[in-house]
Structure formats: C-alpha cells, structure tokens
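Next comes structure13.csv, a file with CSV, C-alpha atoms and all ligand atoms.
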```csv
chain,number,residue,atom,x,y,z
X,1,PHE,CA,58.8,55.8,-21.0
X,2,TYR,CA,56.5,58.1,-19.1
X,3,PRO,CA,53.4,59.5,-20.7
X,4,ALA,CA,53.5,63.3,-21.3
X,5,VAL,CA,51.2,65.1,-18.9
X,6,ASP,CA,50.0,68.6,-19.6
X,7,PRO,CA,49.8,71.0,-16.7
X,8,GLY,CA,46.0,71.3,-17.2
X,9,GLN,CA,45.4,67.6,-16.8
X,10,LEU,CA,47.8,67.7,-13.9
X,11,ILE,CA,45.9,70.4,-12.2
X,12,GLU,CA,42.6,68.5,-12.8
X,13,LYS,CA,44.2,65.5,-11.1
X,14,ILE,CA,45.6,67.6,-8.2
X,15,GLU,CA,42.1,69.1,-7.6
X,16,THR,CA,40.5,65.6,-7.5
X,17,TYR,CA,43.2,64.2,-5.3
X,18,THR,CA,43.3,67.1,-2.9
X,19,HIS,CA,39.6,66.6,-2.2
X,20,GLY,CA,40.3,63.0,-1.2
X,21,ASN,CA,43.2,64.2,1.0
X,22,THR,CA,45.8,62.2,-1.0
X,23,VAL,CA,48.5,64.0,-3.0
X,24,GLU,CA,49.3,63.0,-6.6
X,25,PRO,CA,53.0,62.0,-6.6
X,26,TYR,CA,55.4,64.8,-7.4
X,27,ARG,CA,57.1,64.4,-10.8
X,28,VAL,CA,60.8,64.9,-10.2
X,29,LEU,CA,63.5,65.0,-12.9
X,30,VAL,CA,67.0,64.3,-11.7
X,31,LEU,CA,70.1,65.0,-13.9
X,32,ASP,CA,73.4,63.6,-12.5
X,33,ASP,CA,76.3,62.2,-14.5
X,34,SER,CA,77.2,59.8,-11.7
X,35,ARG,CA,75.3,56.6,-12.2
X,36,ALA,CA,75.7,55.7,-8.5
X,37,GLN,CA,74.3,59.0,-7.4
X,38,ALA,CA,71.4,58.7,-9.9
X,39,LYS,CA,70.6,55.2,-8.6
X,40,PHE,CA,70.6,56.5,-5.0
X,41,MET,CA,68.3,59.4,-5.9
X,42,GLU,CA,65.9,57.0,-7.7
X,43,THR,CA,65.7,54.8,-4.6
X,44,VAL,CA,65.1,57.7,-2.2
X,45,LEU,CA,62.5,59.4,-4.4
X,46,LYS,CA,60.5,56.2,-5.0
X,47,LYS,CA,60.6,55.4,-1.3
X,48,ALA,CA,59.1,58.8,-0.7
X,49,GLY,CA,56.3,58.0,-3.2
X,50,MET,CA,57.4,60.4,-5.8
X,51,THR,CA,57.6,59.8,-9.6
X,52,ALA,CA,61.3,59.9,-10.5
X,53,HIS,CA,62.8,60.3,-13.9
X,54,ILE,CA,66.6,60.0,-13.8
X,55,ILE,CA,69.0,61.1,-16.6
X,56,THR,CA,72.8,61.0,-16.6
X,57,ASP,CA,73.4,62.7,-19.9
X,58,PRO,CA,72.8,66.5,-20.0
X,59,MET,CA,72.0,66.2,-23.7
X,60,GLU,CA,68.8,64.4,-22.8
X,61,ILE,CA,67.4,67.4,-20.8
X,62,ILE,CA,65.2,68.8,-23.6
X,63,HIS,CA,63.6,65.5,-24.4
X,64,ALA,CA,63.1,64.8,-20.7
X,65,LEU,CA,61.3,68.2,-20.3
X,66,ASP,CA,59.0,67.4,-23.2
X,67,THR,CA,58.1,63.9,-22.4
X,68,PHE,CA,58.2,63.8,-18.6
X,69,SER,CA,56.9,67.3,-17.8
X,70,PRO,CA,58.6,67.6,-14.4
X,71,GLU,CA,57.2,69.6,-11.6
X,72,ILE,CA,60.6,69.8,-9.8
X,73,ILE,CA,64.1,69.5,-11.2
X,74,ILE,CA,67.3,68.4,-9.4
X,75,LEU,CA,70.6,69.3,-11.1
X,76,ASP,CA,74.1,68.2,-10.5
X,77,MET,CA,76.6,71.1,-10.8
X,78,TYR,CA,79.5,69.6,-12.6
X,79,MET,CA,79.1,67.2,-15.5
X,80,PRO,CA,81.3,66.5,-18.5
X,81,GLY,CA,80.8,69.1,-21.2
X,82,CYS,CA,78.5,71.4,-19.2
X,83,THR,CA,77.4,72.7,-15.8
X,84,GLY,CA,74.1,72.6,-13.9
X,85,MET,CA,73.9,76.4,-14.3
X,86,GLU,CA,73.9,76.1,-18.1
X,87,ILE,CA,71.2,73.5,-17.9
X,88,ALA,CA,69.2,75.8,-15.6
X,89,ARG,CA,69.4,78.5,-18.2
X,90,VAL,CA,68.1,76.2,-20.9
X,91,ILE,CA,65.2,75.2,-18.7
X,92,ARG,CA,64.3,78.8,-17.8
X,93,GLN,CA,64.2,79.8,-21.5
X,94,GLN,CA,61.0,77.7,-21.9
X,95,ASP,CA,58.0,79.7,-20.7
X,96,ARG,CA,56.3,76.7,-19.2
X,97,PHE,CA,59.3,75.9,-17.0
X,98,HIS,CA,59.7,79.4,-15.9
X,99,SER,CA,58.6,78.8,-12.4
X,100,VAL,CA,59.5,75.1,-12.0
X,101,PRO,CA,61.7,74.7,-8.9
X,102,ILE,CA,65.3,73.9,-9.7
X,103,ILE,CA,67.3,72.4,-6.9
X,104,TYR,CA,71.1,72.0,-7.2
X,105,LEU,CA,72.6,68.9,-5.6
X,106,SER,CA,76.3,69.0,-5.6
X,107,GLY,CA,79.5,68.3,-3.7
X,108,GLU,CA,80.5,71.9,-4.1
X,109,GLU,CA,81.1,73.4,-0.7
X,110,ASP,CA,82.3,76.9,-1.7
X,111,VAL,CA,79.4,79.2,-0.6
X,112,THR,CA,80.3,81.8,-3.2
X,113,LYS,CA,80.0,79.3,-6.0
X,114,GLN,CA,76.8,78.0,-4.5
X,115,LEU,CA,75.3,81.5,-4.4
X,116,HIS,CA,76.4,82.1,-7.9
X,117,ALA,CA,74.6,79.0,-9.1
X,118,MET,CA,71.5,80.1,-7.3
X,119,SER,CA,71.6,83.5,-8.9
X,120,LEU,CA,71.5,81.8,-12.3
X,121,GLY,CA,68.0,80.3,-12.0
X,122,GLY,CA,68.3,77.9,-9.0
X,123,ASP,CA,65.9,77.9,-6.0
X,124,ASP,CA,67.8,75.7,-3.5
X,125,PHE,CA,71.3,74.3,-3.1
X,126,LEU,CA,71.8,71.0,-1.3
X,127,THR,CA,75.2,69.5,-0.7
X,128,LYS,CA,76.2,65.9,-1.1
X,129,PRO,CA,76.0,63.6,0.7
X,130,VAL,CA,72.4,64.8,1.3
X,131,ASP,CA,70.3,63.6,4.1
X,132,PRO,CA,67.3,61.9,2.4
X,133,LYS,CA,64.9,63.4,4.9
X,134,HIS,CA,66.2,66.8,4.2
X,135,LEU,CA,65.9,66.2,0.5
X,136,ILE,CA,62.3,64.9,0.6
X,137,ALA,CA,61.2,67.7,2.9
X,138,THR,CA,62.6,70.3,0.4
X,139,LEU,CA,60.9,68.5,-2.5
X,140,HIS,CA,57.6,68.5,-0.7
X,141,ASN,CA,57.7,72.2,0.1
X,142,ARG,CA,58.8,73.2,-3.3
X,143,GLY,CA,56.3,70.9,-5.0
X,144,ARG,CA,53.3,72.1,-3.0
X,145,ARG,CA,54.1,75.8,-3.7
X,146,ALA,CA,54.8,75.0,-7.4
X,147,ARG,CA,51.4,73.4,-7.7
X,148,SER,CA,49.5,76.2,-6.2
X,149,LEU,CA,51.3,78.7,-8.3
X,150,LEU,CA,50.7,76.7,-11.4
X,151,ALA,CA,47.0,76.5,-10.6
X,152,LEU,CA,46.8,80.2,-10.4
X,153,MET,CA,48.8,80.8,-13.5
X,154,ILE,CA,46.7,78.7,-15.8
X,155,ARG,CA,43.2,79.7,-14.7
X,156,ASP,CA,41.1,82.8,-15.1
X,157,SER,CA,40.0,84.1,-11.7
X,158,LEU,CA,36.4,85.2,-12.6
X,159,THR,CA,35.3,81.8,-14.1
X,160,GLY,CA,37.9,79.2,-13.1
X,161,LEU,CA,38.3,78.4,-16.8
X,162,TYR,CA,41.7,78.2,-18.4
X,163,ASN,CA,43.1,81.5,-19.4
X,164,HIS,CA,44.1,82.6,-22.8
X,165,THR,CA,47.8,81.5,-22.6
X,166,HIS,CA,47.0,78.1,-21.2
X,167,THR,CA,44.2,77.5,-23.7
X,168,LEU,CA,46.6,78.1,-26.6
X,169,TYR,CA,49.1,75.8,-24.9
X,170,LEU,CA,46.4,73.1,-24.7
X,171,LEU,CA,45.5,73.6,-28.3
X,172,ASP,CA,49.1,73.0,-29.4
X,173,GLN,CA,49.1,69.8,-27.2
X,174,GLU,CA,45.8,68.6,-28.7
X,175,ILE,CA,46.9,69.3,-32.2
X,176,ALA,CA,50.0,67.2,-31.6
X,177,ARG,CA,47.9,64.4,-30.2
X,178,ALA,CA,45.4,64.5,-33.0
X,179,ARG,CA,48.2,64.3,-35.5
X,180,GLN,CA,49.8,61.4,-33.7
X,181,LYS,CA,46.6,59.4,-33.3
X,182,GLY,CA,45.1,60.4,-36.6
X,183,GLN,CA,42.1,61.8,-34.9
X,184,SER,CA,39.8,64.7,-35.6
X,185,LEU,CA,39.8,67.9,-33.5
X,186,CYS,CA,37.5,71.0,-33.5
X,187,PHE,CA,38.0,74.4,-32.1
X,188,ALA,CA,35.2,76.8,-31.3
X,189,MET,CA,35.2,80.6,-30.5
X,190,ILE,CA,32.3,82.1,-28.7
X,191,ASP,CA,31.4,85.8,-28.1
X,192,ILE,CA,28.4,87.0,-26.1
X,193,ASP,CA,26.0,89.1,-28.2
X,194,TYR,CA,25.4,92.8,-27.4
X,195,PHE,CA,27.3,92.4,-24.1
X,196,LYS,CA,28.0,96.2,-23.9
X,197,LYS,CA,24.3,96.6,-23.6
X,198,VAL,CA,24.1,94.2,-20.7
X,199,ASN,CA,26.7,96.1,-18.8
X,200,ASP,CA,25.2,99.5,-19.7
X,201,THR,CA,21.6,98.4,-18.7
X,202,TYR,CA,22.3,96.2,-15.6
X,203,GLY,CA,25.8,97.2,-14.5
X,204,HIS,CA,29.2,95.5,-14.6
X,205,PRO,CA,28.6,93.0,-11.6
X,206,ILE,CA,25.6,91.6,-13.4
X,207,GLY,CA,27.6,91.4,-16.6
X,208,ASP,CA,30.2,89.4,-14.7
X,209,ARG,CA,27.5,87.1,-13.4
X,210,VAL,CA,26.4,86.5,-17.0
X,211,ILE,CA,30.0,85.5,-17.9
X,212,ARG,CA,30.1,83.1,-15.0
X,213,SER,CA,26.7,81.6,-15.9
X,214,LEU,CA,27.9,80.8,-19.4
X,215,SER,CA,31.1,79.3,-18.0
X,216,MET,CA,28.9,77.0,-15.8
X,217,PHE,CA,26.9,76.0,-18.9
X,218,PHE,CA,30.0,75.0,-20.8
X,219,LYS,CA,31.4,73.1,-17.8
X,220,GLN,CA,28.2,71.2,-17.3
X,221,ARG,CA,27.4,70.4,-20.9
X,222,LEU,CA,30.8,69.5,-22.4
X,223,ARG,CA,32.9,66.4,-21.9
X,224,LYS,CA,35.7,66.0,-19.4
X,225,THR,CA,38.1,65.7,-22.3
X,226,ASP,CA,37.1,69.1,-23.8
X,227,HIS,CA,39.0,72.1,-22.8
X,228,ILE,CA,37.2,75.4,-22.0
X,229,GLY,CA,39.1,78.7,-21.9
X,230,ARG,CA,38.1,82.3,-21.3
X,231,PHE,CA,39.9,83.9,-24.2
X,232,GLY,CA,39.1,87.5,-23.4
X,233,GLY,CA,36.4,89.6,-21.7
X,234,GLU,CA,33.2,87.9,-22.9
X,235,GLU,CA,34.9,85.6,-25.3
X,236,PHE,CA,35.5,81.9,-24.9
X,237,ALA,CA,37.4,79.2,-26.7
X,238,ILE,CA,36.7,75.5,-26.6
X,239,ILE,CA,38.9,72.7,-27.8
X,240,LEU,CA,37.0,69.5,-28.7
X,241,PRO,CA,39.4,66.6,-29.2
X,242,ASN,CA,38.4,63.5,-31.1
X,243,THR,CA,35.2,65.2,-32.3
X,244,ARG,CA,33.6,65.4,-35.7
X,245,PRO,CA,32.8,68.9,-37.0
X,246,SER,CA,29.0,68.1,-37.2
X,247,ASP,CA,29.1,66.8,-33.6
X,248,ALA,CA,30.9,69.9,-32.4
X,249,ARG,CA,28.4,72.1,-34.2
X,250,ASN,CA,25.5,70.2,-32.7
X,251,VAL,CA,26.6,70.3,-29.1
X,252,LEU,CA,27.4,74.0,-29.4
X,253,ASN,CA,24.0,74.6,-30.9
X,254,GLU,CA,22.3,72.8,-28.1
X,255,ILE,CA,24.3,74.8,-25.5
X,256,ARG,CA,23.4,78.0,-27.4
X,257,GLU,CA,19.7,77.2,-27.4
X,258,ARG,CA,19.6,76.4,-23.7
X,259,PHE,CA,21.6,79.4,-22.7
X,260,ALA,CA,19.3,81.7,-24.7
X,261,GLU,CA,16.4,80.3,-22.6
X,262,LEU,CA,18.1,81.0,-19.3
X,263,GLN,CA,16.5,83.8,-17.4
X,264,GLN,CA,19.3,86.1,-16.1
X,265,PRO,CA,18.1,87.7,-12.8
X,266,ALA,CA,18.6,91.5,-12.3
X,267,GLY,CA,16.9,92.7,-9.1
X,268,ASP,CA,13.2,92.1,-9.7
X,269,ARG,CA,13.7,91.9,-13.5
X,270,GLU,CA,14.9,89.1,-15.7
X,271,PHE,CA,16.6,89.2,-19.1
X,272,ASN,CA,18.0,86.8,-21.7
X,273,VAL,CA,21.4,86.7,-23.2
X,274,THR,CA,22.6,85.0,-26.4
X,275,PHE,CA,26.0,84.1,-27.8
X,276,SER,CA,27.5,83.6,-31.3
X,277,CYS,CA,29.9,80.8,-32.1
X,278,GLY,CA,32.3,79.9,-34.9
X,279,VAL,CA,33.6,76.3,-35.2
X,280,ALA,CA,36.6,75.2,-37.2
X,281,ALA,CA,37.7,71.7,-37.9
X,282,TRP,CA,41.4,71.0,-37.7
X,283,ASN,CA,42.7,70.2,-41.2
X,284,ASN,CA,46.4,69.7,-40.4
X,285,ASP,CA,47.0,73.4,-40.1
X,286,PRO,CA,48.9,75.1,-37.3
X,287,ALA,CA,47.1,76.4,-34.2
X,288,HIS,CA,47.1,80.0,-35.3
X,289,THR,CA,45.3,79.4,-38.6
X,290,LEU,CA,42.8,77.1,-36.9
X,291,CYS,CA,42.1,80.1,-34.5
X,292,GLU,CA,41.8,82.4,-37.5
X,293,ARG,CA,39.3,80.1,-39.2
X,294,ALA,CA,37.2,79.8,-36.0
X,295,ASP,CA,37.3,83.6,-35.6
X,296,ARG,CA,36.2,84.1,-39.1
X,297,ALA,CA,33.3,81.7,-38.6
X,298,LEU,CA,32.4,83.6,-35.5
X,299,TYR,CA,32.4,86.8,-37.5
X,300,VAL,CA,30.0,85.2,-40.0
X,301,SER,CA,27.7,84.2,-37.1
X,302,LYS,CA,27.6,87.9,-36.0
X,303,GLU,CA,26.9,89.0,-39.6
X,304,ARG,CA,24.1,86.5,-39.9
X,305,GLY,CA,22.3,88.2,-37.0
X,306,ARG,CA,23.9,86.6,-33.9
X,307,ASN,CA,22.6,83.8,-31.7
X,308,CYS,CA,23.9,81.1,-34.1
X,309,VAL,CA,26.7,78.7,-34.8
X,310,THR,CA,28.7,78.7,-38.0
X,311,LEU,CA,30.9,75.8,-39.1
X,401,LIG,P1,28.7,91.9,-30.2
X,401,LIG,O1,27.4,91.3,-30.3
X,401,LIG,O2,29.1,92.5,-31.5
X,401,LIG,O3,29.8,91.1,-29.7
X,401,LIG,O4,28.5,93.2,-29.3
X,401,LIG,P2,29.2,93.4,-27.9
X,401,LIG,O5,28.4,94.5,-27.2
X,401,LIG,O6,29.3,92.2,-27.1
X,401,LIG,O7,30.6,94.0,-28.4
X,401,LIG,P3,32.0,93.7,-27.9
X,401,LIG,O8,32.3,92.2,-28.0
X,401,LIG,O9,32.9,94.6,-28.7
X,401,LIG,O10,32.0,94.2,-26.4
X,401,LIG,C1,32.3,93.4,-25.3
X,401,LIG,C2,32.1,94.2,-24.1
X,401,LIG,O11,32.3,93.4,-23.0
X,401,LIG,C3,33.1,95.4,-23.9
X,401,LIG,C4,33.3,95.4,-22.4
X,401,LIG,O12,32.8,96.5,-21.7
X,401,LIG,C5,32.6,94.1,-21.8
X,401,LIG,N1,33.5,93.3,-21.0
X,401,LIG,C6,34.7,92.8,-21.3
X,401,LIG,N2,35.2,92.1,-20.2
X,401,LIG,C7,34.3,92.1,-19.3
X,401,LIG,C8,34.2,91.6,-17.9
X,401,LIG,O13,35.1,90.9,-17.5
X,401,LIG,N3,33.1,91.8,-17.2
X,401,LIG,C9,32.1,92.6,-17.7
X,401,LIG,N4,31.0,92.8,-17.0
X,401,LIG,N5,32.1,93.1,-19.0
X,401,LIG,C10,33.2,92.9,-19.7
X,402,MG,MG,78.8,65.4,-11.4
X,403,MG,MG,33.9,90.6,-27.8
X,404,MG,MG,30.3,90.5,-27.8
```

Have the structure of the file written as structure tokens, please.
Amino acid sequence: FYPAVDPGQLIEKIETYTHGNTVEPYRVLVLDDSRAQAKFMETVLKKAGMTAHIITDPMEIIHALDTFSPEIIILDMYMPGCTGMEIARVIRQQDRFHSVPIIYLSGEEDVTKQLHAMSLGGDDFLTKPVDPKHLIATLHNRGRRARSLLALMIRDSLTGLYNHTHTLYLLDQEIARARQKGQSLCFAMIDIDYFKKVNDTYGHPIGDRVIRSLSMFFKQRLRKTDHIGRFGGEEFAIILPNTRPSDARNVLNEIRERFAELQQPAGDREFNVTFSCGVAAWNNDPAHTLCERADRALYVSKERGRNCVTL
C-alpha cells in the first residue's frame, strides 16, 4: 500500500526537490483490465523513475484516488462492465481531481471515437502498442504542467500561504489523521485588529505589506507540520496537528506578543499592528463546527478588547 499524500505536502516536496534540481517521481495511476498490459506499464513507468500504481478492476478507482492521490491517470478505454470515459467522468466529479491529466491508452484506432473520448474529460489519447519513449515524454510534460498548475491553485498569491479552499481541504485531512492516530488537533483563526485604519492611514500597499509581515511571522515561528492559510483579506487560519490546546494557545500568544512589538515602517514613520486570535481544540466534531468554535473564540477576543488569544 502507498501512503496517502496530500497536495500540500506534495507541493512542499516539489519545492524542496526543485531547488536541488531533482524531480520528485510523478505518481501515475494506471487502470487497465488486461493484466499483461498492466504489467508492461508497471515496468515502463518504474524504469522511467515514476511511482506507478496499477489497478485492473474499475471498481477500485475510488479507493485508488483516495489512497494513492495520483498526479496523472492513464485509462484503458474498454473494460468489462464500463468504459474509460465513464471512469473519467467519475474522476472529474471530484474537485481535487478536476485538473489531473487523464490519458487514454487504447487499441481503439477510430479517430471519431478517440475524439469523443477526449471530449469527455480526457487530455491525451495514445494508441496501443505505445512506444514507451512517447508515453514517458507525454507523462513528463503533463506532470510538469499539472504540478505548476496545482501550486498556483492551492496558494494565495500575496503571501504564498495556502488559500481558503486548500486550508479547508487540509483541515479535513488532518481531522481524519487525528482520528486515526488518536491524536489531538487544534485550529486557530486570526484577524488583524483595526486593519481598516491601517489602510486608511497609510494606504493599501502598506496594508498589504503588513499582511505579508504577519505571514512571515507565522512561517518562521510555527512547525513544519503546521498548516498556515490565508482565509480572507486580513484573516488567517492555522492547523496545528498533534498539539495540545494549551500549547497551541501558548505559541500563538508568543507570536502575538512579538508581532505587536514589530515596528511597521511607513515612509519616515513607524507604527504597530496587533491581531486577535481564537483557538479551538478538536473534540471529534466535523471541520465546520471546529471552524465555528474557533471563529466564536476569535469574536470573544475582539470583544475582550483585541490583541489577545482566546481558547
Ligand atoms: P477589527 O479589529 O474589528 O477586525 O477591525 P478591522 O478594521 O480589521 O475590521 P474588518 O476585519 O472588518 O476589516 C478588514 C479590512 O481589511 C477591510 C478591507 O478594506 C481590508 N482588507 C481586506 N483584504 C485586504 C488586502 O488584501 N489588502 C489590504 N491592504 N487590505 C485588505
Ligand atoms: Mg481493455
Ligand atoms: Mg476581518
Ligand atoms: Mg480585522
């Protein structure tokens, strides 16, 4: 069995590996009912340094998507009980596989049928017997593009933090993991205090810089395993896996104090900015109620006069 990899971790890895000029192996899922073809594909992909997951039963597709998290999918067209096109539709129904490249690999030589298959959610059509070099080149191109697209899709462009959608996705993942491992999990919501006044007094670009300075603070102070998201304009959300509530509160209080001391430059002047925070400890509830509880705690912090953390 392959470990589940979430896109966020994947991107982190990609970013690390790209700096070292090596590429993390592409994760390729192959569905083909012919065992001989499946075996052949496995050999070719492994030789090319890719991570292959091969299934011969179309019914396994949902499980394979969940557990293997493929970056590229290769589908046979004709299988007992269903077609590759039907499988492509199932894959495309899931938001997170909306832009994963789907490549048909089939003996079908009728171009009309090939184009029809492509119109139903496929990106390429290769015919059997495929030249391994052609196959690998296609996978490399598709994989590279898919990764850069994914990197853009999950991040916020101002701060480089995870965006709202991806933060919620990670929260679901981390809740599942906490449940499975019997670990604790905390979720924090942060909102900058009187931010309208910052914009009104110093201008929008300076406001943007304040948002970036707080992002940097979070990146520097939190652990690699924590996930930091920009939830909205001047709002942030932080997922702290395997963290006790009091520890979460303490680390956020420490960040809060240091950030409040930071001198924000504006021309020849300087000013200070604070934030308020609400922390909620996961208690086996679903993601949306955990968010609601953190949001309520944040509201309490605002009511208490701001620049504080409420657990
Ligand atoms: P409070 O302490 O109650 O949070 O007061 P506040 O002024 O921060 O109130 P609120 O959260 O309602 O206002 C947020 C303001 O943040 C509104 C909007 O003009 C500004 N804002 C939202 N997104 C951005 C952004 O990307 N850049 C900048 N510079 N400002 C933004
Ligand atoms: Mg077949
Ligand atoms: Mg706000
Ligand atoms: Mg605010």

Can you tell me, as a VMD selection string, what residues are no more than 12 Å from X:Ser34 when counting all atoms listed in the file, ignoring any on the same chain fewer than 4 positions away? chain X and resid 30 38 to 41 54 to 58 75 to 80 105 to 107

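Compared by their closest atoms to ligand LIG 401 (chain X), and using only C-alpha atoms and all ligand atoms, the residues X:Gly305, X:Pro205, X:Pro265, X:Pro241 rank with X:Pro205 nearest.
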
Please, which residues have at least one atom within 10 Å of an atom of ligand LIG 401 (chain X), using all atoms listed in the file, listed as a PyMOL selection string? chain X and resi 158-159+190-200+202-212+230+232-235+274-276+298-299+301-303+305-307

12 Å contact set for X:Cys186, only C-alpha atoms, chain neighbours under 6 positions out, as a PyMOL selection string: chain X and resi 171+174-175+178+226-227+237-249+251-252+278-285+287+290-291+293-294+311

May I have the residues from that selection written out with C-alpha atoms, as a PDB file, keeping the file's coordinate frame?
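Written output follows (part-v4.pdb):
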```
ATOM      1  CA  LEU X 171      45.500  73.600 -28.300  1.00  0.00           C
ATOM      2  CA  GLU X 174      45.800  68.600 -28.700  1.00  0.00           C
ATOM      3  CA  ILE X 175      46.900  69.300 -32.200  1.00  0.00           C
ATOM      4  CA  ALA X 178      45.400  64.500 -33.000  1.00  0.00           C
ATOM      5  CA  ASP X 226      37.100  69.100 -23.800  1.00  0.00           C
ATOM      6  CA  HIS X 227      39.000  72.100 -22.800  1.00  0.00           C
ATOM      7  CA  ALA X 237      37.400  79.200 -26.700  1.00  0.00           C
ATOM      8  CA  ILE X 238      36.700  75.500 -26.600  1.00  0.00           C
ATOM      9  CA  ILE X 239      38.900  72.700 -27.800  1.00  0.00           C
ATOM     10  CA  LEU X 240      37.000  69.500 -28.700  1.00  0.00           C
ATOM     11  CA  PRO X 241      39.400  66.600 -29.200  1.00  0.00           C
ATOM     12  CA  ASN X 242      38.400  63.500 -31.100  1.00  0.00           C
ATOM     13  CA  THR X 243      35.200  65.200 -32.300  1.00  0.00           C
ATOM     14  CA  ARG X 244      33.600  65.400 -35.700  1.00  0.00           C
ATOM     15  CA  PRO X 245      32.800  68.900 -37.000  1.00  0.00           C
ATOM     16  CA  SER X 246      29.000  68.100 -37.200  1.00  0.00           C
ATOM     17  CA  ASP X 247      29.100  66.800 -33.600  1.00  0.00           C
ATOM     18  CA  ALA X 248      30.900  69.900 -32.400  1.00  0.00           C
ATOM     19  CA  ARG X 249      28.400  72.100 -34.200  1.00  0.00           C
ATOM     20  CA  VAL X 251      26.600  70.300 -29.100  1.00  0.00           C
ATOM     21  CA  LEU X 252      27.400  74.000 -29.400  1.00  0.00           C
ATOM     22  CA  GLY X 278      32.300  79.900 -34.900  1.00  0.00           C
ATOM     23  CA  VAL X 279      33.600  76.300 -35.200  1.00  0.00           C
ATOM     24  CA  ALA X 280      36.600  75.200 -37.200  1.00  0.00           C
ATOM     25  CA  ALA X 281      37.700  71.700 -37.900  1.00  0.00           C
ATOM     26  CA  TRP X 282      41.400  71.000 -37.700  1.00  0.00           C
ATOM     27  CA  ASN X 283      42.700  70.200 -41.200  1.00  0.00           C
ATOM     28  CA  ASN X 284      46.400  69.700 -40.400  1.00  0.00           C
ATOM     29  CA  ASP X 285      47.000  73.400 -40.100  1.00  0.00           C
ATOM     30  CA  ALA X 287      47.100  76.400 -34.200  1.00  0.00           C
ATOM     31  CA  LEU X 290      42.800  77.100 -36.900  1.00  0.00           C
ATOM     32  CA  CYS X 291      42.100  80.100 -34.500  1.00  0.00           C
ATOM     33  CA  ARG X 293      39.300  80.100 -39.200  1.00  0.00           C
ATOM     34  CA  ALA X 294      37.200  79.800 -36.000  1.00  0.00           C
ATOM     35  CA  LEU X 311      30.900  75.800 -39.100  1.00  0.00           C
TER      36      LEU X 311
END
```

Using only C-alpha atoms, which residues sit within 9 Å of X:Ala117 once same-chain residues fewer than 5 positions away are excluded, as a PDB file with C-alpha atoms, keeping the file's coordinate frame?
```
ATOM      1  CA  MET X  77      76.600  71.100 -10.800  1.00  0.00           C
ATOM      2  CA  GLY X  84      74.100  72.600 -13.900  1.00  0.00           C
ATOM      3  CA  MET X  85      73.900  76.400 -14.300  1.00  0.00           C
ATOM      4  CA  TYR X 104      71.100  72.000  -7.200  1.00  0.00           C
ATOM      5  CA  THR X 112      80.300  81.800  -3.200  1.00  0.00           C
ATOM      6  CA  GLY X 122      68.300  77.900  -9.000  1.00  0.00           C
ATOM      7  CA  PHE X 125      71.300  74.300  -3.100  1.00  0.00           C
TER       8      PHE X 125
END
```

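Residues of protein, DNA or RNA having at least one counted atom within 8 Å of (61.4, 72.8, -2.7), given only C-alpha atoms, are Ile72, Pro101, Ile103, Asp123, Asp124, Ala137, Thr138, Leu139, His140, Asn141, Arg142, Gly143 and Arg145 of chain X.
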
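The environment of stretch 160-164 of chain X within 7 Å, counting only C-alpha atoms and disregarding residues fewer than 5 places along the same chain, consists of X:Ile154, X:Arg155, X:Ile228, X:Gly229, X:Arg230, X:Phe231.
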
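Nearest residue to ligand MG 402 (chain X) among X:Lys128, X:Lys113, X:Arg177, X:Arg27 is X:Lys128, counting only C-alpha atoms and all ligand atoms.
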
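Closest approach to ligand MG 402 (chain X) from the set X:Val130, X:Ala36, X:Leu29, X:Ala146 is made by X:Ala36, with distances taken over all atoms listed in the file.
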